[in-house]
Structures are given as structure tokens and as C-alpha cells.
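Notes to accompany the following structure.
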Amino acid sequence: MDNKEIFKVPAYEDVTADAQLIFDQLKKISGKVPNLYATIGYSGNALSSYMAFVQAQAKGSFHAKDREAIFLIISELNGCQYCLSAHTQSALKNHWTEEETMQLRSGTIPDNKWKAIYLVIQSVIQHKGEVSDEILHAFFECGYDNAALMDLLILINVMTFTNHVYRLTKIPIDFPLAKPLIAT
């Protein structure tokens, strides 16, 4: 038995009342309940906690456009096709071009701020939270402070959670597929 047989996207009537309430809110806001959120909804507690976490981060150091870019970088480094697809659509709505989304994902966008953010994220993911002094210095040289670093760590954690949910469950992707990066 593989993951696709184990995990089905739950229907509205298959989740608890607290998860249904969040489903209703999502439908009102975006017209649908994305499959990933529905799958997190197997646990009303997990979905409620996740949504509260995401909403709280909207008040952090990074505005919506920046958060979408950060989510693309994290999802690329974690190999999550679902989140790459969903956040490419969100990035486009937040005024990133498709070419810029590809550059963000590959760490090649010609902007020192994004190069520094990419390197911090890459190091956190690859080295279990460790980041060299040199990379941190480059991040702080871009005008960021300790609060921004903590907000970035929270964003890495929340996106890694959804990346792991998808990689574990392999639920159907209900967004246009993100283009793969071309190996150079």
C-alpha cells in the first residue's frame, strides 16, 4: 500500500466541526479549500494551529510579497511540488514575474537582499539550523535585524510543515504546476 492509497483528501463531512469552520472561511476567502489545507484538516487542532500561526506571521518583518518569495525558496529546497505550485500562483498575484520566481527558487535573483535570504534559508534547511557567521553578516548587512531573523525562522518552519505534509501524503496538486528549474 502506498501513500496515495492511505491519504485521501477528506471531504467536508469527514472532518470535525472546528475544521469545517475553517473550510468555510477558506471557501469564502479564496473560493475553495486547497487540498493541502483539507488534508491538514484531518486534525482540526493541526489546521487551527497552522492557520493561527500563518495569520500571526502576517504581522512580522516580511510583507506578503516577501513571504511568497521566501515560501518559494523553502519549497524548492525542500522539494515540495505542491507548495511550489501554490506559491508560484500567489507570488504572481503579489507582483513577482514568472522569471523572478524561477530566480528566487534557484538563488540567482540579482538582488543582494534575496541572495542573503536564500543563503540563510539554505543553511537552516541543510545544516539543521546552523548558519555561518559570514551568511548572517550578509543578512544583517541588508538591513535586517534579529527580529527579522526570528521571523524568517518561523516562516521556514511553517512552510517546512506544509512541505512535509505534502511529501508524506502525496495528495493531488490542485494548482497549475510550477515549472521545474532547468539544471545548469
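Here's how to read the names in the C-alpha cells: chain A, B, ... by the order shown, residue numbers from 1 in each chain, ligand numbers from 1 in the order shown.
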
Find the nearest atom pair between each residue of range 35-151 of chain A and range 157-162 of chain A for residues within 12 Å, count only C-alpha atoms, give distances in Å to one decimal, sort rows by chain and ascending number, and present the table as CSV.
```
residue,atom,partner,partner_atom,distance
A:Asn35,CA,A:Thr162,CA,11.3
A:Leu36,CA,A:Thr162,CA,7.5
A:Tyr37,CA,A:Thr162,CA,8.7
A:Ala38,CA,A:Thr162,CA,11.7
A:Thr39,CA,A:Thr162,CA,10.1
A:Ile40,CA,A:Thr162,CA,8.5
A:Ala46,CA,A:Phe161,CA,10.6
A:Leu47,CA,A:Thr162,CA,10.8
A:Ser49,CA,A:Val158,CA,10.5
A:Tyr50,CA,A:Val158,CA,7.6
A:Met51,CA,A:Val158,CA,9.9
A:Ala52,CA,A:Val158,CA,10.9
A:Phe53,CA,A:Val158,CA,7.6
A:Val54,CA,A:Val158,CA,7.4
A:Gln55,CA,A:Val158,CA,11.1
A:Ala56,CA,A:Val158,CA,11.3
A:Gln57,CA,A:Val158,CA,9.6
A:Arg67,CA,A:Met159,CA,10.1
A:Glu68,CA,A:Met159,CA,10.3
A:Ala69,CA,A:Met159,CA,11.6
A:Ile70,CA,A:Met159,CA,9.0
A:Phe71,CA,A:Met159,CA,6.3
A:Leu72,CA,A:Met159,CA,9.2
A:Ile73,CA,A:Met159,CA,9.9
A:Ile74,CA,A:Met159,CA,6.8
A:Ser75,CA,A:Met159,CA,7.1
A:Glu76,CA,A:Thr160,CA,10.6
A:Leu77,CA,A:Thr160,CA,9.7
A:Asn78,CA,A:Thr160,CA,7.2
A:Gly79,CA,A:Thr160,CA,10.1
A:Cys80,CA,A:Thr162,CA,8.6
A:Gln81,CA,A:Thr162,CA,11.0
A:Tyr82,CA,A:Thr162,CA,9.0
A:Cys83,CA,A:Thr162,CA,7.4
A:Leu84,CA,A:Met159,CA,10.6
A:Ala86,CA,A:Thr162,CA,11.2
A:His87,CA,A:Met159,CA,10.4
A:Ile121,CA,A:Asn157,CA,10.4
A:Val124,CA,A:Asn157,CA,9.9
A:Ile125,CA,A:Thr160,CA,9.0
A:Lys128,CA,A:Asn157,CA,11.3
A:Gly129,CA,A:Asn157,CA,10.5
A:Met150,CA,A:Asn157,CA,10.6
A:Asp151,CA,A:Asn157,CA,9.9
```

* Residues of chain A in alpha helix (DSSP H) according to DSSP, as a PyMOL selection string? -> chain A and resi 3-6+17-30+35-40+44-57+64-78+81-93+98-106+112-126+133-141+146-169

Please produce, as a Markdown table, a per-residue contact table for range 104-124 of chain A versus range 137-142 of chain A (criterion: any atom at most 12 Å away, only C-alpha atoms considered), showing the nearest atom pair and its distance in Å to one decimal, sorted by chain then residue number.
```
| residue | atom | partner | partner_atom | distance |
| --- | --- | --- | --- | --- |
| A:Asp111 | CA | A:Cys142 | CA | 10.1 |
| A:Asn112 | CA | A:Cys142 | CA | 7.3 |
| A:Lys113 | CA | A:Cys142 | CA | 5.6 |
| A:Trp114 | CA | A:Phe139 | CA | 9.1 |
| A:Lys115 | CA | A:Phe139 | CA | 8.7 |
| A:Ala116 | CA | A:Phe139 | CA | 5.0 |
| A:Ile117 | CA | A:Phe139 | CA | 6.5 |
| A:Tyr118 | CA | A:Phe139 | CA | 9.6 |
| A:Leu119 | CA | A:Phe139 | CA | 8.6 |
| A:Val120 | CA | A:Phe139 | CA | 7.5 |
| A:Ile121 | CA | A:Phe139 | CA | 10.7 |
```

* Asked: With only C-alpha atoms as the basis for distance, which of A:Ala148, A:Leu168, A:Asp66, A:Val33 is at the shortest distance from Asn94 in chain A?
  -> A:Asp66

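CA of Lys28 in chain A sits 18.1 Å away from CA of Lys93 in chain A.
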
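CA of Trp96 in chain A is positioned 16.2 Å from CA of Pro176 in chain A.
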